[in-house]
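Participant: PDB, C-alpha atoms, saved as input-v9.pdb, coming up:
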ATOM      1  CA  MET A   6      11.007  -4.649 -12.908
ATOM      2  CA  ALA A   7      12.550  -5.288  -9.503
ATOM      3  CA  LEU A   8      11.239  -8.239  -7.539
ATOM      4  CA  ASN A   9      10.402  -8.011  -3.858
ATOM      5  CA  GLU A  10      12.757 -10.459  -2.137
ATOM      6  CA  MET A  11      10.485 -10.488   0.919
ATOM      7  CA  MET A  12       7.802 -12.282  -1.099
ATOM      8  CA  ASP A  13       9.966 -15.390  -0.717
ATOM      9  CA  ARG A  14      10.015 -14.974   3.075
ATOM     10  CA  PRO A  15       6.339 -15.417   4.032
ATOM     11  CA  VAL A  16       5.349 -14.412   7.539
ATOM     12  CA  VAL A  17       3.188 -17.520   7.917
ATOM     13  CA  LYS A  18       4.016 -21.143   7.072
ATOM     14  CA  LYS A  19       4.888 -21.610   3.410
ATOM     15  CA  GLU A  20       2.402 -24.463   3.203
ATOM     16  CA  LEU A  21      -0.414 -22.146   4.314
ATOM     17  CA  VAL A  22       0.665 -19.469   1.845
ATOM     18  CA  ALA A  23       0.615 -22.047  -0.943
ATOM     19  CA  PHE A  24      -2.811 -23.250   0.207
ATOM     20  CA  MET A  25      -4.268 -19.731   0.153
ATOM     21  CA  ARG A  26      -2.780 -18.856  -3.215
ATOM     22  CA  ASP A  27      -3.978 -22.121  -4.728
ATOM     23  CA  ARG A  28      -7.433 -22.477  -3.169
ATOM     24  CA  LEU A  29      -8.811 -18.945  -3.020
ATOM     25  CA  LYS A  30     -11.075 -18.201  -5.963
ATOM     26  CA  ARG A  31      -9.442 -16.646  -9.012
ATOM     27  CA  PHE A  32     -10.651 -13.327 -10.405
ATOM     28  CA  PRO A  33     -12.777 -13.587 -13.539
ATOM     29  CA  GLY A  34     -12.229 -11.953 -16.921
ATOM     30  CA  GLU A  35      -9.499  -9.492 -17.817
ATOM     31  CA  LEU A  36      -8.555  -8.818 -14.179
ATOM     32  CA  GLY A  37      -7.845 -12.503 -13.656
ATOM     33  CA  GLU A  38      -5.803 -12.627 -16.860
ATOM     34  CA  LEU A  39      -3.785  -9.608 -15.740
ATOM     35  CA  GLU A  40      -3.012 -11.262 -12.409
ATOM     36  CA  LYS A  41      -2.104 -14.560 -14.065
ATOM     37  CA  THR A  42       0.216 -12.929 -16.597
ATOM     38  CA  ALA A  43       1.926 -10.822 -13.930
ATOM     39  CA  ASN A  44       2.551 -13.881 -11.755
ATOM     40  CA  GLU A  45       3.862 -15.941 -14.673
ATOM     41  CA  ARG A  46       6.299 -13.174 -15.610
ATOM     42  CA  GLY A  47       7.369 -12.413 -12.051
ATOM     43  CA  VAL A  48       5.953  -8.884 -12.169
ATOM     44  CA  PRO A  49       5.548  -7.495  -8.614
ATOM     45  CA  ILE A  50       1.847  -7.171  -7.761
ATOM     46  CA  ILE A  51       0.029  -7.837  -4.508
ATOM     47  CA  PRO A  52      -0.184 -11.601  -3.843
ATOM     48  CA  HIS A  53      -3.436 -13.390  -4.529
ATOM     49  CA  GLU A  54      -4.440 -13.843  -0.888
ATOM     50  CA  THR A  55      -3.992 -10.096  -0.299
ATOM     51  CA  ALA A  56      -5.948  -9.252  -3.446
ATOM     52  CA  VAL A  57      -8.840 -11.509  -2.380
ATOM     53  CA  PHE A  58      -8.890  -9.927   1.088
ATOM     54  CA  LEU A  59      -8.808  -6.421  -0.400
ATOM     55  CA  ASN A  60     -11.601  -7.320  -2.807
ATOM     56  CA  MET A  61     -13.826  -8.589   0.011
ATOM     57  CA  LEU A  62     -12.994  -5.624   2.254
ATOM     58  CA  LEU A  63     -13.874  -3.086  -0.428
ATOM     59  CA  GLY A  64     -17.063  -4.970  -1.196
ATOM     60  CA  GLN A  65     -18.175  -4.309   2.378
ATOM     61  CA  ILE A  66     -16.893  -0.731   2.697
ATOM     62  CA  LYS A  67     -18.168   0.364  -0.733
ATOM     63  CA  PRO A  68     -15.895   3.428  -1.015
ATOM     64  CA  LYS A  69     -16.559   6.137  -3.591
ATOM     65  CA  GLN A  70     -13.216   7.919  -3.594
ATOM     66  CA  ILE A  71     -10.016   5.859  -3.418
ATOM     67  CA  LEU A  72      -6.390   6.981  -3.353
ATOM     68  CA  GLU A  73      -3.576   4.570  -4.184
ATOM     69  CA  ILE A  74       0.102   5.315  -3.603
ATOM     70  CA  GLY A  75       2.082   3.056  -5.926
ATOM     71  CA  ALA A  76       0.236   2.179  -9.136
ATOM     72  CA  ALA A  77       2.764  -0.378 -10.431
ATOM     73  CA  ILE A  78       1.176  -2.064 -13.474
ATOM     74  CA  GLY A  79      -2.346  -1.137 -12.398
ATOM     75  CA  PHE A  80      -3.547  -4.469 -11.013
ATOM     76  CA  SER A  81      -4.609  -3.290  -7.556
ATOM     77  CA  GLY A  82      -5.963  -0.041  -8.998
ATOM     78  CA  SER A  83      -8.063  -2.039 -11.455
ATOM     79  CA  LEU A  84      -9.339  -4.267  -8.662
ATOM     80  CA  MET A  85     -10.314  -1.250  -6.548
ATOM     81  CA  ALA A  86     -11.980   0.534  -9.470
ATOM     82  CA  GLN A  87     -14.552  -2.247  -9.602
ATOM     83  CA  HIS A  88     -15.890  -1.157  -6.196
ATOM     84  CA  VAL A  89     -16.354   2.607  -6.547
ATOM     85  CA  GLY A  90     -19.679   2.515  -8.396
ATOM     86  CA  PRO A  91     -20.762   4.706 -11.326
ATOM     87  CA  GLU A  92     -19.960   7.989  -9.540
ATOM     88  CA  GLY A  93     -16.777   6.912  -7.759
ATOM     89  CA  HIS A  94     -13.160   7.307  -8.785
ATOM     90  CA  VAL A  95      -9.671   5.944  -8.124
ATOM     91  CA  THR A  96      -6.674   8.279  -8.012
ATOM     92  CA  THR A  97      -3.318   6.521  -8.175
ATOM     93  CA  ILE A  98       0.273   7.784  -8.068
ATOM     94  CA  ASP A  99       3.474   6.443  -9.591
ATOM     95  CA  ARG A 100       6.810   7.911 -10.652
ATOM     96  CA  PHE A 101       8.332   5.120 -12.736
ATOM     97  CA  GLU A 102       7.736   5.527 -16.460
ATOM     98  CA  VAL A 103       7.747   1.802 -17.217
ATOM     99  CA  MET A 104       5.068   1.207 -14.567
ATOM    100  CA  ILE A 105       3.030   4.205 -15.704
ATOM    101  CA  ASN A 106       2.972   2.948 -19.288
ATOM    102  CA  HIS A 107       1.922  -0.558 -18.251
ATOM    103  CA  ALA A 108      -0.741   0.774 -15.878
ATOM    104  CA  LYS A 109      -2.277   3.066 -18.485
ATOM    105  CA  ALA A 110      -2.398   0.245 -21.020
ATOM    106  CA  ASN A 111      -4.034  -2.078 -18.502
ATOM    107  CA  PHE A 112      -6.628   0.495 -17.470
ATOM    108  CA  GLU A 113      -7.553   0.888 -21.134
ATOM    109  CA  LYS A 114      -7.641  -2.867 -21.692
ATOM    110  CA  LEU A 115      -9.948  -3.398 -18.712
ATOM    111  CA  GLY A 116     -12.220  -0.557 -19.830
ATOM    112  CA  ILE A 117     -11.801   1.481 -16.639
ATOM    113  CA  ALA A 118      -9.644   4.362 -17.870
ATOM    114  CA  ASP A 119     -12.506   6.784 -17.159
ATOM    115  CA  LYS A 120     -12.612   5.610 -13.530
ATOM    116  CA  VAL A 121      -8.892   6.006 -12.793
ATOM    117  CA  THR A 122      -6.658   9.076 -12.729
ATOM    118  CA  LEU A 123      -2.940   8.280 -12.759
ATOM    119  CA  LEU A 124      -0.843  11.104 -11.313
ATOM    120  CA  GLU A 125       2.741  10.920 -12.552
ATOM    121  CA  GLY A 126       5.464  11.956 -10.123
ATOM    122  CA  ASP A 127       7.024  11.396  -6.734
ATOM    123  CA  ALA A 128       4.318  10.825  -4.113
ATOM    124  CA  ALA A 129       6.272  13.059  -1.704
ATOM    125  CA  GLU A 130       5.574  15.941  -4.087
ATOM    126  CA  VAL A 131       2.113  14.893  -5.252
ATOM    127  CA  LEU A 132       0.481  14.140  -1.886
ATOM    128  CA  PRO A 133       0.747  17.715  -0.490
ATOM    129  CA  THR A 134      -1.163  18.971  -3.558
ATOM    130  CA  LEU A 135      -4.187  16.716  -3.021
ATOM    131  CA  GLU A 136      -7.266  17.842  -1.109
ATOM    132  CA  GLY A 137      -9.377  14.724  -0.625
ATOM    133  CA  PRO A 138     -11.218  13.542   1.275
ATOM    134  CA  TYR A 139     -10.853   9.883   0.373
ATOM    135  CA  ASP A 140     -12.908   7.019   1.759
ATOM    136  CA  PHE A 141     -10.097   4.518   1.303
ATOM    137  CA  ILE A 142      -6.338   4.804   0.781
ATOM    138  CA  PHE A 143      -4.083   1.943  -0.272
ATOM    139  CA  MET A 144      -0.339   2.471   0.135
ATOM    140  CA  ASP A 145       2.031   0.062  -1.583
ATOM    141  CA  SER A 146       5.157   2.013  -2.480
ATOM    142  CA  ALA A 147       8.680   2.519  -1.120
ATOM    143  CA  LYS A 148       8.643   1.036   2.378
ATOM    144  CA  SER A 149      11.092   3.644   3.674
ATOM    145  CA  LYS A 150       8.538   6.338   2.751
ATOM    146  CA  TYR A 151       5.509   4.951   4.613
ATOM    147  CA  TYR A 152       6.303   6.873   7.789
ATOM    148  CA  GLU A 153       6.841  10.082   5.801
ATOM    149  CA  PHE A 154       3.592   9.636   3.852
ATOM    150  CA  LEU A 155       1.474   8.925   6.960
ATOM    151  CA  PRO A 156       0.713  12.602   7.785
ATOM    152  CA  HIS A 157      -0.551  13.204   4.248
ATOM    153  CA  CYS A 158      -2.685  10.056   4.268
ATOM    154  CA  ILE A 159      -4.339  10.890   7.577
ATOM    155  CA  ARG A 160      -5.013  14.449   6.421
ATOM    156  CA  LEU A 161      -6.581  13.220   3.180
ATOM    157  CA  LEU A 162      -8.635  10.455   4.789
ATOM    158  CA  LYS A 163     -12.207  11.214   5.779
ATOM    159  CA  LYS A 164     -13.350  10.453   9.308
ATOM    160  CA  ASP A 165     -14.004   6.705   9.631
ATOM    161  CA  GLY A 166     -12.114   6.184   6.374
ATOM    162  CA  MET A 167      -9.556   3.401   6.109
ATOM    163  CA  LEU A 168      -5.883   3.396   5.208
ATOM    164  CA  VAL A 169      -4.359   0.037   4.260
ATOM    165  CA  ILE A 170      -0.564  -0.215   4.099
ATOM    166  CA  ASP A 171       0.981  -3.225   2.372
ATOM    167  CA  ASP A 172       4.255  -5.029   3.135
ATOM    168  CA  VAL A 173       4.911  -3.845   6.686
ATOM    169  CA  PHE A 174       6.610  -6.944   8.135
ATOM    170  CA  GLN A 175       9.677  -7.154   5.885
ATOM    171  CA  GLY A 176       9.558 -10.934   5.903
ATOM    172  CA  GLY A 177       9.349 -10.878   9.699
ATOM    173  CA  THR A 178      12.641  -8.995  10.044
ATOM    174  CA  ILE A 179      10.823  -5.990  11.492
ATOM    175  CA  LEU A 180      11.138  -7.835  14.828
ATOM    176  CA  ASP A 181      14.920  -8.136  14.585
ATOM    177  CA  ASP A 182      17.398  -5.859  16.298
ATOM    178  CA  GLU A 183      18.581  -3.098  13.962
ATOM    179  CA  ALA A 184      22.197  -4.217  14.431
ATOM    180  CA  ASP A 185      21.269  -7.529  12.770
ATOM    181  CA  ILE A 186      19.681  -5.841   9.760
ATOM    182  CA  PRO A 187      21.793  -5.397   6.583
ATOM    183  CA  LYS A 188      22.849  -1.765   6.249
ATOM    184  CA  ARG A 189      21.135  -1.397   2.871
ATOM    185  CA  VAL A 190      17.692  -1.939   4.455
ATOM    186  CA  ARG A 191      18.197  -0.418   7.912
ATOM    187  CA  LYS A 192      16.345   2.750   6.915
ATOM    188  CA  ILE A 193      13.313   0.658   5.944
ATOM    189  CA  HIS A 194      13.546  -1.285   9.209
ATOM    190  CA  ARG A 195      13.823   1.897  11.291
ATOM    191  CA  ARG A 196      11.006   3.725   9.504
ATOM    192  CA  LEU A 197       8.612   0.762   9.614
ATOM    193  CA  ASN A 198       9.166   0.438  13.347
ATOM    194  CA  LYS A 199       8.549   4.174  13.769
ATOM    195  CA  LEU A 200       5.330   3.766  11.799
ATOM    196  CA  MET A 201       4.168   0.964  14.083
ATOM    197  CA  ASP A 202       5.142   2.871  17.223
ATOM    198  CA  THR A 203       3.187   5.892  15.998
ATOM    199  CA  VAL A 204      -0.102   4.309  14.986
ATOM    200  CA  LEU A 205      -0.715   1.126  16.964
ATOM    201  CA  ASP A 206      -1.663   2.824  20.237
ATOM    202  CA  HIS A 207      -2.691   6.243  18.927
ATOM    203  CA  PRO A 208      -5.990   7.449  20.442
ATOM    204  CA  ALA A 209      -7.192   9.006  17.172
ATOM    205  CA  LEU A 210      -6.747   5.789  15.205
ATOM    206  CA  GLU A 211      -8.118   2.265  15.217
ATOM    207  CA  THR A 212      -5.602  -0.247  13.923
ATOM    208  CA  SER A 213      -5.215  -3.894  13.036
ATOM    209  CA  LEU A 214      -2.487  -6.099  11.557
ATOM    210  CA  VAL A 215      -3.214  -8.912   9.129
ATOM    211  CA  PRO A 216      -0.499 -11.489   8.256
ATOM    212  CA  LEU A 217      -1.300 -11.735   4.544
ATOM    213  CA  GLY A 218       1.473 -11.398   1.990
ATOM    214  CA  ASP A 219       4.235  -9.515   3.783
ATOM    215  CA  GLY A 220       1.802  -8.031   6.282
ATOM    216  CA  LEU A 221      -1.038  -5.517   6.070
ATOM    217  CA  LEU A 222      -1.512  -2.586   8.453
ATOM    218  CA  LEU A 223      -5.128  -1.386   8.610
ATOM    219  CA  ILE A 224      -5.820   2.068  10.046
ATOM    220  CA  VAL A 225      -9.216   3.700  10.567
ATOM    221  CA  LYS A 226      -9.245   7.431  11.265
ATOM    222  CA  LYS A 227     -11.577   7.976  14.214
ATOM    223  CA  GLU A 228     -10.641  11.593  14.888
ATOM    224  CA  ASP A 229      -8.737  14.350  13.121
ATOM    225  CA  TYR A 230      -5.105  14.555  14.160
ATOM    226  CA  ASP A 231      -2.186  16.518  12.738
ATOM    227  CA  PHE A 232       0.849  14.285  12.208
ATOM    228  CA  GLY A 233       2.790  17.151  10.685
ATOM    229  CA  TYR A 234       5.528  16.766  13.274
ATOM    230  CA  ILE A 235       6.656  13.686  11.340
ATOM    231  CA  LEU A 236       7.391  15.846   8.289
ATOM    232  CA  ASP A 237       9.413  18.193  10.490
ATOM    233  CA  GLU A 238      11.291  15.198  11.843
ATOM    234  CA  ILE A 239      12.059  13.904   8.336
ATOM    235  CA  LYS A 240      13.188  17.356   7.227
ATOM    236  CA  ALA A 241      15.517  17.681  10.224
ATOM    237  CA  GLU A 242      17.034  14.252   9.526
ATOM    238  CA  THR A 243      17.660  15.217   5.912
ATOM    239  CA  GLN A 244      19.341  18.476   6.908
ATOM    240  CA  ASN A 245      21.527  16.701   9.461
ATOM    241  CA  ARG A 246      22.762  14.267   6.802
ATOM    242  CA  ALA A 247      23.571  17.101   4.380
TER     243      ALA A 247
END
Kindly present the structure from the file in structure tokens form.
Facilitator:
Amino acid sequence: MALNEMMDRPVVKKELVAFMRDRLKRFPGELGELEKTANERGVPIIPHETAVFLNMLLGQIKPKQILEIGAAIGFSGSLMAQHVGPEGHVTTIDRFEVMINHAKANFEKLGIADKVTLLEGDAAEVLPTLEGPYDFIFMDSAKSKYYEFLPHCIRLLKKDGMLVIDDVFQGGTILDDEADIPKRVRKIHRRLNKLMDTVLDHPALETSLVPLGDGLLLIVKKEDYDFGYILDEIKAETQNRA
């Protein structure tokens, strides 16, 4: 399992990160054990301070239908499943077989398999097939795909629903000039900046940024808006490179 190098480049003081990860209350039971084991083994899951924030946020929102893009080993999906109530459901997407197998096993172990549907495949292909609406969407997948997935997320989100996007600061390098960014991650840098430019001042959206982990982007859909032009833009870029 690949580690996220940006987790070692916190966007706030390392001492504060250590304080939050040490002092914020641990999760009880099997969920806490899953988090502990993942951290001990270096398995990439959302950091503890982000998980605690997400847990509190969902406790206030009380969503019934949740969509997650990027299941990984199922930790965040398991956390979210605790908030959907007896009639709610979590739908999560992943394309990596090793992650899918771990996630399924963890959902069974935590006794929430009936509350979670894991869709196997590339989110770029799965998202257009979904109908929604979802009360809450959590996106934690390939950073270069966030901009491309935005139109689908906004379409699937109900009015006043919330989209939370994880890891949007790239260790603070999102502020750097593209010429100073290593070529292997310039696409991520460019797409994350396009994402920010698109949503932060958009009249149909209410947005906030939270410096937890590698940065959280919170988006509330206030009005319907078709971001389909982004898909056309991505398609044109792909054809130009061919």
Participant: Run the PyMOL selection byres ((chain A and resi 166) around 8) mentally over the shown coordinates, then write out the matched residues as a VMD selection string, using the chain letters and numbers from the document.
Facilitator: chain A and resid 139 to 141 162 to 165 167 to 168 225 to 226
Participant: Can you work out the spacing between CA of Met201 in chain A and CA of Tyr152 in chain A in Å, to one decimal?
Facilitator: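 We find that CA of Met201 in chain A and CA of Tyr152 in chain A lie 8.9 Å from each other.
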Participant: Which residues fall under the PyMOL selection byres ((chain A and resi 65-82) around 6) in this file, as a ChimeraX atom specification?
Facilitator: /A:62-64,83-85,89,93-99,104,107-108,139-146
Participant: Go ahead and write the selection's residues with C-alpha atoms as a compact mmCIF listing (two decimals), in the frame of the given file.
Facilitator:
# COMPACT_ATOMS: atom_id res chain seq x y z
CA LEU A 62 -12.99 -5.62 2.25
CA LEU A 63 -13.87 -3.09 -0.43
CA GLY A 64 -17.06 -4.97 -1.20
CA SER A 83 -8.06 -2.04 -11.46
CA LEU A 84 -9.34 -4.27 -8.66
CA MET A 85 -10.31 -1.25 -6.55
CA VAL A 89 -16.35 2.61 -6.55
CA GLY A 93 -16.78 6.91 -7.76
CA HIS A 94 -13.16 7.31 -8.78
CA VAL A 95 -9.67 5.94 -8.12
CA THR A 96 -6.67 8.28 -8.01
CA THR A 97 -3.32 6.52 -8.18
CA ILE A 98 0.27 7.78 -8.07
CA ASP A 99 3.47 6.44 -9.59
CA MET A 104 5.07 1.21 -14.57
CA HIS A 107 1.92 -0.56 -18.25
CA ALA A 108 -0.74 0.77 -15.88
CA TYR A 139 -10.85 9.88 0.37
CA ASP A 140 -12.91 7.02 1.76
CA PHE A 141 -10.10 4.52 1.30
CA ILE A 142 -6.34 4.80 0.78
CA PHE A 143 -4.08 1.94 -0.27
CA MET A 144 -0.34 2.47 0.14
CA ASP A 145 2.03 0.06 -1.58
CA SER A 146 5.16 2.01 -2.48
Participant: Tell me, as number ranges by chain, which residues lie within 10 Å of Leu223 in chain A, counting only C-alpha atoms; anything in the same chain fewer than 2 positions away does not count.
Facilitator: A: 143, 167-171, 204-205, 210-215, 220-221, 225
Participant: Just say which residues the PyMOL selection byres ((chain A and resi 129) around 12) picks in this file, as a PyMOL selection string.
Facilitator: chain A and resi 74-75+98-100+125-128+130-135+146-147+149-158+236+239
Participant: Suppose you want the space between CA of Val22 in chain A and CA of Leu217 in chain A; what is it in Å?
Facilitator: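 A separation of 8.4 Å between them.
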Participant: Pick the closest to Lys227 in chain A from A:Gly34, A:Pro208, A:Gly177, A:Pro49: which is it, counting only C-alpha atoms?
Facilitator: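 Closest residue, counting only C-alpha atoms: A:Pro208.
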Participant: What gap, in Å, lies between CA of Ile51 in chain A and CA of Asn198 in chain A?
Facilitator: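 Here the two named atoms are 21.7 Å from each other.
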Participant: Which is closest to Val190 in chain A among A:Lys41, A:Thr243, A:Lys148, A:Ile224, if we use all atoms listed in the file?
Facilitator: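 Smallest distance to Val190 in chain A is found for A:Lys148.
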